[in-house]
>>> print(open('data.txt').read())   # compact mmCIF, C-alpha atoms
# COMPACT_ATOMS: atom_id res chain seq x y z
CA MET A 1 0.97 -27.08 -14.31
CA PRO A 2 1.27 -23.31 -13.69
CA THR A 3 1.90 -20.96 -16.59
CA VAL A 4 4.18 -17.97 -17.11
CA HIS A 5 2.82 -15.59 -19.74
CA GLY A 6 5.74 -13.75 -21.32
CA VAL A 7 8.70 -14.05 -23.64
CA ASN A 8 12.37 -14.82 -23.33
CA ALA A 9 14.84 -11.93 -23.15
CA SER A 10 12.48 -9.86 -20.99
CA PRO A 11 14.48 -9.30 -17.77
CA PHE A 12 11.29 -9.51 -15.69
CA VAL A 13 10.12 -12.77 -17.28
CA ARG A 14 13.61 -14.19 -16.69
CA LYS A 15 13.50 -13.01 -13.07
CA VAL A 16 10.37 -15.09 -12.48
CA ARG A 17 11.71 -18.08 -14.44
CA VAL A 18 14.91 -18.11 -12.34
CA ALA A 19 12.90 -17.89 -9.10
CA LEU A 20 10.72 -20.81 -10.26
CA ALA A 21 13.84 -22.84 -11.14
CA GLU A 22 15.43 -22.08 -7.74
CA LYS A 23 12.24 -23.28 -6.04
CA GLY A 24 11.99 -26.34 -8.30
CA ILE A 25 8.55 -25.42 -9.65
CA ALA A 26 7.76 -26.75 -13.14
CA TYR A 27 5.75 -24.43 -15.45
CA ASP A 28 4.78 -23.76 -19.04
CA LEU A 29 5.99 -20.61 -20.79
CA VAL A 30 3.18 -19.16 -22.91
CA PRO A 31 4.40 -16.54 -25.41
CA VAL A 32 3.10 -13.01 -24.87
CA MET A 33 5.04 -10.14 -26.43
CA PRO A 34 5.73 -7.00 -24.36
CA MET A 35 3.69 -4.84 -26.77
CA GLY A 36 0.48 -5.01 -28.78
CA GLN A 37 -1.37 -7.15 -26.28
CA THR A 38 -4.90 -8.49 -26.60
CA GLN A 39 -7.83 -7.28 -24.48
CA GLU A 40 -7.88 -10.76 -22.98
CA PHE A 41 -4.29 -10.34 -21.76
CA LEU A 42 -4.91 -6.79 -20.49
CA ALA A 43 -7.73 -8.21 -18.36
CA ILE A 44 -5.18 -10.29 -16.41
CA SER A 45 -2.43 -7.64 -16.60
CA PRO A 46 -3.96 -4.21 -15.88
CA LEU A 47 -0.60 -2.46 -16.33
CA GLY A 48 -0.13 -4.20 -19.71
CA LYS A 49 3.15 -5.79 -18.67
CA ILE A 50 4.72 -9.22 -18.81
CA PRO A 51 5.09 -11.58 -17.03
CA VAL A 52 1.79 -12.83 -15.63
CA TYR A 53 1.77 -15.99 -13.51
CA GLN A 54 -1.25 -18.25 -13.76
CA ASP A 55 -2.18 -21.23 -11.61
CA GLY A 56 -5.65 -22.49 -12.50
CA ASP A 57 -8.05 -19.55 -12.24
CA PHE A 58 -5.61 -17.48 -10.21
CA THR A 59 -3.61 -14.91 -12.18
CA LEU A 60 -1.00 -12.47 -10.89
CA PRO A 61 1.03 -9.87 -12.81
CA ASP A 62 4.35 -8.22 -11.87
CA SER A 63 7.58 -10.10 -11.24
CA SER A 64 7.99 -8.73 -7.70
CA CYS A 65 4.44 -9.69 -6.71
CA ILE A 66 4.80 -13.12 -8.34
CA ILE A 67 8.01 -14.04 -6.50
CA ALA A 68 6.60 -12.81 -3.16
CA TYR A 69 3.52 -14.96 -3.83
CA LEU A 70 5.66 -18.02 -4.70
CA GLU A 71 7.45 -17.60 -1.36
CA LYS A 72 4.07 -18.11 0.37
CA THR A 73 3.06 -21.18 -1.65
CA THR A 74 6.54 -22.77 -1.85
CA PRO A 75 8.61 -21.46 1.07
CA GLU A 76 11.65 -23.67 0.38
CA PRO A 77 14.30 -22.74 -0.51
CA PRO A 78 13.59 -19.23 0.81
CA LEU A 79 14.24 -16.35 -1.58
CA TYR A 80 13.79 -13.67 1.10
CA PRO A 81 16.05 -13.24 4.15
CA GLY A 82 14.51 -14.15 7.49
CA ASP A 83 16.23 -11.30 9.37
CA ALA A 84 14.12 -8.12 9.20
CA HIS A 85 16.99 -5.76 8.31
CA ALA A 86 18.31 -8.07 5.57
CA PHE A 87 14.74 -8.58 4.34
CA GLY A 88 14.20 -4.84 3.98
CA LYS A 89 17.53 -4.39 2.21
CA ALA A 90 16.79 -7.29 -0.18
CA LEU A 91 13.49 -5.66 -1.18
CA PHE A 92 15.25 -2.36 -1.79
CA TYR A 93 17.94 -3.94 -3.99
CA GLU A 94 15.12 -5.56 -5.94
CA GLU A 95 13.41 -2.18 -6.37
CA TYR A 96 16.73 -0.57 -7.36
CA ALA A 97 17.29 -3.28 -10.00
CA ASP A 98 13.73 -3.14 -11.37
CA THR A 99 13.88 0.64 -11.82
CA ARG A 100 17.35 2.22 -11.95
CA LEU A 101 19.26 -0.78 -13.32
CA ALA A 102 16.55 -1.36 -15.95
CA GLU A 103 16.90 2.31 -16.92
CA VAL A 104 20.68 2.33 -17.39
CA LEU A 105 21.40 -1.26 -18.46
CA GLY A 106 18.30 -1.61 -20.65
CA PRO A 107 18.96 0.78 -23.57
CA PRO A 108 21.95 -1.06 -25.16
CA PHE A 109 19.79 -4.20 -25.28
CA THR A 110 16.71 -2.36 -26.56
CA GLN A 111 18.69 -0.65 -29.32
CA ARG A 112 21.11 -3.39 -30.43
CA VAL A 113 18.89 -6.43 -29.92
CA VAL A 114 15.22 -5.39 -29.98
CA THR A 115 15.54 -2.62 -32.59
CA VAL A 116 18.19 -4.25 -34.80
CA LYS A 117 17.66 -8.01 -34.52
CA ILE A 118 13.93 -8.21 -33.83
CA MET A 119 12.50 -5.06 -35.47
CA LYS A 120 15.17 -4.94 -38.24
CA GLY A 121 15.59 -1.21 -37.64
CA GLU A 122 18.46 1.21 -37.00
CA PRO A 123 19.81 1.63 -33.46
CA ASP A 124 19.84 5.08 -31.87
CA GLN A 125 23.48 5.51 -30.82
CA ALA A 126 22.74 8.62 -28.76
CA VAL A 127 20.39 6.61 -26.54
CA ILE A 128 23.08 3.96 -26.04
CA ASP A 129 25.77 6.58 -25.32
CA GLU A 130 23.61 8.35 -22.73
CA ALA A 131 22.84 5.08 -20.93
CA LEU A 132 26.50 4.03 -20.92
CA ALA A 133 27.48 7.44 -19.54
CA ASN A 134 25.01 6.97 -16.67
CA THR A 135 26.20 3.45 -15.87
CA PRO A 136 29.46 3.90 -13.84
CA PRO A 137 27.80 5.40 -10.71
CA VAL A 138 25.36 2.49 -10.71
CA LEU A 139 28.20 -0.04 -10.94
CA ASP A 140 30.05 1.85 -8.17
CA TYR A 141 26.99 1.51 -5.96
CA LEU A 142 26.67 -2.23 -6.63
CA GLU A 143 30.43 -2.80 -6.16
CA SER A 144 30.09 -1.27 -2.72
CA ALA A 145 26.81 -3.10 -2.00
CA ILE A 146 28.28 -6.56 -2.67
CA GLY A 147 31.64 -5.82 -0.99
CA ASP A 148 33.19 -9.08 0.20
CA GLU A 149 29.86 -10.89 0.57
CA GLU A 150 28.77 -13.78 -1.61
CA PHE A 151 25.19 -12.48 -1.87
CA LEU A 152 23.58 -9.05 -1.55
CA ALA A 153 21.45 -9.72 1.53
CA GLY A 154 21.06 -12.29 4.28
CA GLY A 155 24.04 -14.52 3.42
CA ARG A 156 22.25 -16.61 0.81
CA LEU A 157 20.62 -16.23 -2.59
CA SER A 158 17.62 -13.92 -2.46
CA VAL A 159 15.28 -12.04 -4.74
CA ALA A 160 17.85 -9.19 -4.60
CA ASP A 161 20.49 -11.28 -6.42
CA ILE A 162 17.98 -12.54 -8.98
CA ALA A 163 16.67 -9.04 -9.71
CA VAL A 164 20.13 -7.51 -10.07
CA ALA A 165 21.67 -10.36 -12.08
CA THR A 166 18.78 -10.59 -14.56
CA MET A 167 19.45 -7.00 -15.69
CA PHE A 168 23.08 -7.88 -16.44
CA VAL A 169 21.94 -10.75 -18.69
CA ASN A 170 20.33 -8.23 -21.04
CA TRP A 171 23.42 -6.05 -20.88
CA GLY A 172 25.46 -9.14 -21.82
CA HIS A 173 23.13 -9.92 -24.75
CA ALA A 174 23.91 -6.37 -25.93
CA GLY A 175 27.66 -7.10 -25.83
CA GLU A 176 28.43 -5.22 -22.60
CA THR A 177 30.31 -6.64 -19.62
CA VAL A 178 31.35 -5.31 -16.22
CA ASP A 179 35.00 -4.20 -16.40
CA ALA A 180 36.67 -6.48 -13.83
CA ARG A 181 39.63 -4.10 -13.44
CA ARG A 182 37.40 -1.25 -12.30
CA TRP A 183 34.62 -3.25 -10.54
CA PRO A 184 36.30 -6.55 -9.58
CA LYS A 185 33.84 -7.59 -6.85
CA LEU A 186 30.77 -6.83 -8.92
CA ALA A 187 32.17 -8.61 -12.01
CA ALA A 188 32.94 -11.76 -9.99
CA TYR A 189 29.54 -11.60 -8.30
CA ILE A 190 27.62 -11.34 -11.58
CA ASP A 191 29.61 -14.25 -13.06
CA ARG A 192 28.89 -16.29 -9.92
CA ILE A 193 25.13 -15.69 -10.01
CA HIS A 194 24.92 -16.26 -13.78
CA ALA A 195 26.75 -19.59 -13.35
CA ARG A 196 23.95 -21.00 -11.15
CA PRO A 197 21.96 -23.68 -13.01
CA SER A 198 18.80 -21.56 -12.71
CA PHE A 199 20.37 -18.65 -14.64
CA LYS A 200 22.65 -20.72 -16.89
CA ALA A 201 19.78 -22.69 -18.45
CA VAL A 202 17.76 -19.56 -19.35
CA ILE A 203 20.82 -17.62 -20.56
CA GLU A 204 21.90 -20.45 -22.89
CA GLU A 205 18.36 -20.86 -24.22
CA GLU A 206 18.20 -17.12 -24.98
CA GLN A 207 21.67 -17.00 -26.53
CA ALA A 208 20.70 -19.81 -28.90
CA GLN A 209 17.54 -17.91 -29.91
CA LEU A 210 19.47 -14.67 -30.46
CA ARG A 211 22.12 -16.47 -32.55
CA ALA A 212 19.35 -17.95 -34.69
CA MET A 213 18.23 -14.35 -35.44
CA GLY A 214 21.66 -13.63 -36.92
CA MET B 1 12.35 6.75 18.40
CA PRO B 2 12.45 5.83 14.70
CA THR B 3 12.52 8.57 12.09
CA VAL B 4 10.73 9.12 8.80
CA HIS B 5 12.72 11.34 6.44
CA GLY B 6 10.31 13.11 4.11
CA VAL B 7 7.65 15.81 3.85
CA ASN B 8 3.91 16.02 4.14
CA ALA B 9 1.82 15.89 0.97
CA SER B 10 4.10 13.29 -0.62
CA PRO B 11 1.78 10.30 -1.22
CA PHE B 12 4.60 7.87 -0.44
CA VAL B 13 5.57 9.58 2.83
CA ARG B 14 1.88 9.57 3.81
CA LYS B 15 1.64 5.87 2.89
CA VAL B 16 4.37 5.06 5.43
CA ARG B 17 2.94 7.43 8.06
CA VAL B 18 -0.49 5.76 7.80
CA ALA B 19 1.09 2.28 8.08
CA LEU B 20 3.01 3.41 11.17
CA ALA B 21 -0.19 4.83 12.69
CA GLU B 22 -2.11 1.61 11.96
CA LYS B 23 0.64 -0.36 13.70
CA GLY B 24 0.80 2.11 16.59
CA ILE B 25 4.48 2.93 16.07
CA ALA B 26 5.56 6.39 17.24
CA TYR B 27 8.12 8.22 15.08
CA ASP B 28 9.65 11.59 14.31
CA LEU B 29 9.11 13.20 10.90
CA VAL B 30 12.34 14.84 9.72
CA PRO B 31 11.80 17.23 6.79
CA VAL B 32 13.46 16.23 3.50
CA MET B 33 12.14 17.77 0.29
CA PRO B 34 11.58 15.54 -2.76
CA MET B 35 14.18 17.49 -4.80
CA GLY B 36 17.59 19.08 -4.31
CA GLN B 37 18.79 16.56 -1.77
CA THR B 38 22.13 16.54 0.02
CA GLN B 39 24.87 13.97 -0.64
CA GLU B 40 24.27 12.78 2.91
CA PHE B 41 20.64 11.99 2.08
CA LEU B 42 21.52 10.34 -1.25
CA ALA B 43 23.81 8.01 0.68
CA ILE B 44 20.79 6.58 2.52
CA SER B 45 18.43 6.88 -0.49
CA PRO B 46 20.28 5.69 -3.63
CA LEU B 47 17.25 6.41 -5.83
CA GLY B 48 17.05 9.95 -4.42
CA LYS B 49 13.49 9.48 -3.21
CA ILE B 50 11.50 10.10 -0.05
CA PRO B 51 10.61 8.59 2.36
CA VAL B 52 13.51 6.91 4.13
CA TYR B 53 12.86 5.09 7.41
CA GLN B 54 15.57 5.15 10.04
CA ASP B 55 15.81 3.18 13.26
CA GLY B 56 19.19 3.70 14.93
CA ASP B 57 21.88 2.89 12.36
CA PHE B 58 19.47 1.02 10.11
CA THR B 59 18.09 3.00 7.16
CA LEU B 60 15.65 1.84 4.49
CA PRO B 61 14.25 3.77 1.52
CA ASP B 62 11.07 3.13 -0.51
CA SER B 63 7.56 3.06 0.95
CA SER B 64 6.86 -0.51 -0.22
CA CYS B 65 10.09 -1.84 1.29
CA ILE B 66 9.53 0.10 4.51
CA ILE B 67 6.01 -1.23 5.11
CA ALA B 68 7.10 -4.82 4.31
CA TYR B 69 9.94 -4.35 6.81
CA LEU B 70 7.57 -2.97 9.47
CA GLU B 71 5.41 -6.08 9.04
CA LYS B 72 8.45 -8.16 10.14
CA THR B 73 9.33 -6.04 13.16
CA THR B 74 5.74 -5.25 14.24
CA PRO B 75 3.46 -8.01 12.88
CA GLU B 76 0.28 -6.76 14.63
CA PRO B 77 -2.06 -5.62 13.26
CA PRO B 78 -1.09 -7.31 9.98
CA LEU B 79 -1.05 -5.12 6.88
CA TYR B 80 -0.64 -8.04 4.46
CA PRO B 81 -3.23 -10.82 3.95
CA GLY B 82 -2.28 -14.24 5.29
CA ASP B 83 -3.87 -16.10 2.36
CA ALA B 84 -1.38 -16.48 -0.51
CA HIS B 85 -3.79 -15.43 -3.29
CA ALA B 86 -5.00 -12.37 -1.37
CA PHE B 87 -1.39 -11.56 -0.47
CA GLY B 88 -0.34 -11.60 -4.13
CA LYS B 89 -3.32 -9.46 -5.14
CA ALA B 90 -2.62 -6.95 -2.34
CA LEU B 91 0.95 -6.52 -3.56
CA PHE B 92 -0.29 -5.97 -7.10
CA TYR B 93 -2.83 -3.32 -6.05
CA GLU B 94 0.01 -1.61 -4.20
CA GLU B 95 2.16 -1.68 -7.34
CA TYR B 96 -0.75 -0.42 -9.45
CA ALA B 97 -1.28 2.47 -7.02
CA ASP B 98 2.41 3.37 -6.76
CA THR B 99 2.81 3.52 -10.57
CA ARG B 100 -0.40 3.95 -12.60
CA LEU B 101 -2.45 5.80 -9.97
CA ALA B 102 0.49 8.10 -9.23
CA GLU B 103 0.73 8.79 -12.97
CA VAL B 104 -2.92 9.73 -13.53
CA LEU B 105 -3.91 11.18 -10.15
CA GLY B 106 -0.60 12.97 -9.54
CA PRO B 107 -0.56 15.75 -12.18
CA PRO B 108 -3.51 17.85 -10.88
CA PHE B 109 -1.76 17.97 -7.49
CA THR B 110 1.67 18.68 -8.98
CA GLN B 111 0.31 21.51 -11.14
CA ARG B 112 -2.26 23.14 -8.85
CA VAL B 113 -0.54 22.63 -5.50
CA VAL B 114 3.22 22.14 -6.01
CA THR B 115 3.62 24.50 -8.98
CA VAL B 116 1.12 27.18 -7.89
CA LYS B 117 1.11 27.16 -4.08
CA ILE B 118 4.67 26.02 -3.32
CA MET B 119 6.71 27.18 -6.36
CA LYS B 120 4.48 30.24 -7.02
CA GLY B 121 4.44 29.38 -10.74
CA GLU B 122 1.84 28.91 -13.48
CA PRO B 123 0.08 25.53 -13.81
CA ASP B 124 0.27 23.66 -17.13
CA GLN B 125 -3.40 23.07 -17.95
CA ALA B 126 -2.56 20.66 -20.80
CA VAL B 127 -0.81 18.33 -18.35
CA ILE B 128 -3.86 18.42 -16.05
CA ASP B 129 -6.26 17.82 -18.97
CA GLU B 130 -4.29 14.84 -20.23
CA ALA B 131 -4.18 13.24 -16.78
CA LEU B 132 -7.91 13.81 -16.24
CA ALA B 133 -8.65 12.26 -19.65
CA ASN B 134 -6.67 9.15 -18.65
CA THR B 135 -8.40 8.83 -15.27
CA PRO B 136 -11.81 7.19 -16.02
CA PRO B 137 -10.41 3.76 -17.07
CA VAL B 138 -8.38 3.69 -13.85
CA LEU B 139 -11.47 4.51 -11.77
CA ASP B 140 -13.43 1.84 -13.69
CA TYR B 141 -10.77 -0.71 -12.78
CA LEU B 142 -10.83 0.25 -9.09
CA GLU B 143 -14.67 0.31 -9.00
CA SER B 144 -14.61 -3.27 -10.24
CA ALA B 145 -11.71 -4.24 -7.93
CA ILE B 146 -13.48 -3.11 -4.76
CA GLY B 147 -16.93 -4.39 -5.83
CA ASP B 148 -19.02 -5.10 -2.74
CA GLU B 149 -16.04 -5.73 -0.47
CA GLU B 150 -15.03 -3.47 2.38
CA PHE B 151 -11.30 -3.77 1.57
CA LEU B 152 -9.35 -4.58 -1.59
CA ALA B 153 -7.75 -7.83 -0.43
CA GLY B 154 -8.05 -10.39 2.34
CA GLY B 155 -11.14 -8.99 4.10
CA ARG B 156 -9.29 -6.43 6.22
CA LEU B 157 -7.19 -3.30 5.84
CA SER B 158 -3.97 -4.02 3.97
CA VAL B 159 -1.12 -2.21 2.26
CA ALA B 160 -3.31 -2.27 -0.89
CA ASP B 161 -5.91 0.03 0.70
CA ILE B 162 -3.26 2.35 2.13
CA ALA B 163 -1.43 2.60 -1.23
CA VAL B 164 -4.60 3.28 -3.22
CA ALA B 165 -6.19 5.69 -0.74
CA THR B 166 -3.04 7.81 -0.31
CA MET B 167 -3.10 8.69 -4.02
CA PHE B 168 -6.67 9.96 -3.69
CA VAL B 169 -5.61 12.30 -0.86
CA ASN B 170 -3.38 14.20 -3.30
CA TRP B 171 -6.17 14.23 -5.85
CA GLY B 172 -8.42 15.70 -3.16
CA HIS B 173 -5.85 18.36 -2.26
CA ALA B 174 -6.00 19.32 -5.96
CA GLY B 175 -9.78 19.75 -5.74
CA GLU B 176 -10.75 16.51 -7.49
CA THR B 177 -13.19 13.93 -6.13
CA VAL B 178 -14.51 10.57 -7.35
CA ASP B 179 -17.92 11.13 -8.95
CA ALA B 180 -20.19 8.99 -6.74
CA ARG B 181 -22.86 8.79 -9.46
CA ARG B 182 -20.48 7.12 -11.91
CA TRP B 183 -18.24 5.20 -9.43
CA PRO B 184 -20.43 4.75 -6.33
CA LYS B 185 -18.51 1.84 -4.79
CA LEU B 186 -15.12 3.43 -5.26
CA ALA B 187 -16.30 6.80 -3.92
CA ALA B 188 -17.72 5.18 -0.77
CA TYR B 189 -14.60 3.05 -0.34
CA ILE B 190 -12.22 6.04 -0.56
CA ASP B 191 -14.35 8.00 1.94
CA ARG B 192 -14.33 4.98 4.27
CA ILE B 193 -10.53 4.55 4.18
CA HIS B 194 -9.89 8.29 4.52
CA ALA B 195 -12.16 8.38 7.59
CA ARG B 196 -9.90 5.99 9.50
CA PRO B 197 -8.02 7.80 12.31
CA SER B 198 -4.68 6.91 10.65
CA PHE B 199 -5.60 8.78 7.44
CA LYS B 200 -7.81 11.45 9.02
CA ALA B 201 -5.02 12.80 11.24
CA VAL B 202 -2.53 13.18 8.37
CA ILE B 203 -5.11 14.61 5.95
CA GLU B 204 -6.21 17.27 8.44
CA GLU B 205 -2.60 18.18 9.23
CA GLU B 206 -1.88 18.58 5.51
CA GLN B 207 -5.07 20.55 4.81
CA ALA B 208 -4.14 23.01 7.55
CA GLN B 209 -0.65 23.44 6.06
CA LEU B 210 -2.07 23.95 2.55
CA ARG B 211 -4.61 26.49 3.82
CA ALA B 212 -1.77 28.38 5.51
CA MET B 213 -0.11 28.69 2.08
CA GLY B 214 -3.19 30.54 0.81
>>> encode(input="data.txt", output="structure tokens")
Amino acid sequence: MPTVHGVNASPFVRKVRVALAEKGIAYDLVPVMPMGQTQEFLAISPLGKIPVYQDGDFTLPDSSCIIAYLEKTTPEPPLYPGDAHAFGKALFYEEYADTRLAEVLGPPFTQRVVTVKIMKGEPDQAVIDEALANTPPVLDYLESAIGDEEFLAGGRLSVADIAVATMFVNWGHAGETVDARRWPKLAAYIDRIHARPSFKAVIEEEQAQLRAMG
Amino acid sequence: MPTVHGVNASPFVRKVRVALAEKGIAYDLVPVMPMGQTQEFLAISPLGKIPVYQDGDFTLPDSSCIIAYLEKTTPEPPLYPGDAHAFGKALFYEEYADTRLAEVLGPPFTQRVVTVKIMKGEPDQAVIDEALANTPPVLDYLESAIGDEEFLAGGRLSVADIAVATMFVNWGHAGETVDARRWPKLAAYIDRIHARPSFKAVIEEEQAQLRAMG
């Protein structure tokens, strides 16, 4: 059975786990923390990041690379649009989520969950405030991107939806939600994607673990 | 004719230009600087980055997304390996180049070329020294990655080679070269990729522009 090296609550590990669930691929999750990695792990992850996907001797880091690879080995159901324009747009939404969304939605989670619950430290409120101040333009962009569509690109679930929605799971763990009065389409979209069995199972597993931390 | 919005000497603009040349696609280069962009440009590049590819009404930012899109519209010659393992590895080398290589090979160019020649300012030698100190492990990794192969993945030119080699063009503009005594395979590989007509034409165009700046 293939292996995902990583830990729960990492948005990028979750992104891969959701893609695997959507494709119906069974796997083992092998715990690797995002920091303080062994030389052995750095040998299979030259950028020192989780997740890494392993199937026999073959290892591959980076959530975007892993999901693109899975599309080759297990094409159904597709997670990339067939139409070239929609395909390009899906990849860009994924890039936007992996970089900009991680930047603005990440800090409340890092401070309130990682620093407080896991590291038993004090949160840096200024870091949270700055991230929250930078968030509205990002939500405006996504509200306009989803518009009246069910999915971001190609008329069906794609890597774009998985990449965007995984970032909002961490924001939710940090107690933040999209204000449905100001961003009604985005709020409904995020709820819709999070309600899929692939997301729901991982979210509930993580919520139980976070509750157990107090 | 399609348009590339961007400027010469950006490694990511060059990455797209080389891919277009390899695929034999003619295009216009429309100058957009990497900073101080207009609202009009930000509307087609939500992350505020160059390049953006435009074909009629369709616009797409991000070099990785653009080249993946071009593979759909113009499949020949392929720039992604057909084999799933090689495909995954090619995408990871591209990611490694776009992030880690940009980080360690970028500063000498930014300081000596952008700051000195373009902005007419003083270079920050400490920034250059730190980047150069971080470079050997990266070159070790690439020396081992190329080994005795002609290309990084799949036995023919791919997006991996274009992404890696474009970063060494900027390093070269900054006066740095791979020491062939310490990294003989990497040095020969970079020379080989830069000698391709697709790279050679852009490099010579850029060198002429940089010489004109004095």
>>> closest_residue(input="data.txt", among="B:Leu157, B:Ile193, B:Ile67, B:Met119", to="chain A", atoms="only C-alpha atoms")
B:Ile67
>>> interface_residues(input="data.txt", of="chain B", to="chain A", cutoff="9 Å", atoms="only C-alpha atoms", output="JSON list (two decimals) with C-alpha atoms, in the frame of the given file")
[["chain", "number", "residue", "atom", "x", "y", "z"],
["B", 46, "PRO", "CA", 20.28, 5.69, -3.63],
["B", 47, "LEU", "CA", 17.25, 6.41, -5.83],
["B", 58, "PHE", "CA", 19.47, 1.02, 10.11],
["B", 59, "THR", "CA", 18.09, 3.00, 7.16],
["B", 60, "LEU", "CA", 15.65, 1.84, 4.49],
["B", 61, "PRO", "CA", 14.25, 3.77, 1.52],
["B", 62, "ASP", "CA", 11.07, 3.13, -0.51],
["B", 64, "SER", "CA", 6.86, -0.51, -0.22],
["B", 65, "CYS", "CA", 10.09, -1.84, 1.29],
["B", 66, "ILE", "CA", 9.53, 0.10, 4.51],
["B", 68, "ALA", "CA", 7.10, -4.82, 4.31],
["B", 69, "TYR", "CA", 9.94, -4.35, 6.81],
["B", 70, "LEU", "CA", 7.57, -2.97, 9.47],
["B", 71, "GLU", "CA", 5.41, -6.08, 9.04],
["B", 72, "LYS", "CA", 8.45, -8.16, 10.14],
["B", 73, "THR", "CA", 9.33, -6.04, 13.16],
["B", 82, "GLY", "CA", -2.28, -14.24, 5.29],
["B", 83, "ASP", "CA", -3.87, -16.10, 2.36],
["B", 84, "ALA", "CA", -1.38, -16.48, -0.51],
["B", 85, "HIS", "CA", -3.79, -15.43, -3.29],
["B", 87, "PHE", "CA", -1.39, -11.56, -0.47],
["B", 88, "GLY", "CA", -0.34, -11.60, -4.13],
["B", 89, "LYS", "CA", -3.32, -9.46, -5.14],
["B", 90, "ALA", "CA", -2.62, -6.95, -2.34],
["B", 91, "LEU", "CA", 0.95, -6.52, -3.56],
["B", 92, "PHE", "CA", -0.29, -5.97, -7.10],
["B", 95, "GLU", "CA", 2.16, -1.68, -7.34],
["B", 96, "TYR", "CA", -0.75, -0.42, -9.45],
["B", 99, "THR", "CA", 2.81, 3.52, -10.57],
["B", 100, "ARG", "CA", -0.40, 3.95, -12.60],
["B", 141, "TYR", "CA", -10.77, -0.71, -12.78]]
>>> atom_distance(input="data.txt", atom1="CA of Pro2 in chain A", atom2="CA of Gln54 in chain A")
5.7 Å
>>> atom_distance(input="data.txt", atom1="CA of Pro75 in chain B", atom2="CA of Gly155 in chain A")
23.6 Å
>>> closest_atom_pairs(input="data.txt", of="range 20-40 of chain B", to="range 161-168 of chain B", cutoff="12 Å", atoms="all atoms listed in the file", output="Markdown table")
| residue | atom | partner | partner_atom | distance |
| --- | --- | --- | --- | --- |
| B:Leu20 | CA | B:Ile162 | CA | 11.1 |
| B:Ala21 | CA | B:Ile162 | CA | 11.3 |
| B:Glu22 | CA | B:Ile162 | CA | 9.9 |
>>> closest_residue(input="data.txt", among="A:Tyr189, A:Trp183, A:Tyr80, A:Trp171", to="Leu101 in chain A", atoms="all atoms listed in the file")
A:Trp171
>>> closest_residue(input="data.txt", among="A:Val169, A:Met213, A:Leu105, A:Val30", to="Glu130 in chain A", atoms="all atoms listed in the file")
A:Leu105
>>> residues_around(input="data.txt", residues="Leu42 in chain A", least_positions_apart="6", cutoff="12 Å", atoms="all atoms listed in the file", output="ChimeraX atom specification")
/A:5,32,34-36,48-52,59-61 /B:141
>>> closest_residue(input="data.txt", among="A:Lys117, A:Ser198, A:Glu206, A:Gly6", to="Gln37 in chain A", atoms="all atoms listed in the file")
A:Gly6
>>> residues_near_point(input="data.txt", point="(33.4, -12.3, -12.3)", cutoff="12 Å", atoms="all atoms listed in the file", output="PyMOL selection string")
chain A and resi 143+150+165+168+177-195
>>> residues_around(input="data.txt", residues="Ala126 in chain A", least_positions_apart="4", cutoff="12 Å", atoms="all atoms listed in the file", output="list in words")
Pro107, Pro108, Gln111, Glu122, Glu130, Ala131, Leu132 and Ala133 of chain A
>>> atom_distance(input="data.txt", atom1="CA of Asn170 in chain B", atom2="CA of Gln207 in chain B")
10.4 Å
>>> closest_residue(input="data.txt", among="A:Asn134, A:Asp98, A:His173, A:Phe12", to="Ala208 in chain A", atoms="all atoms listed in the file")
A:His173
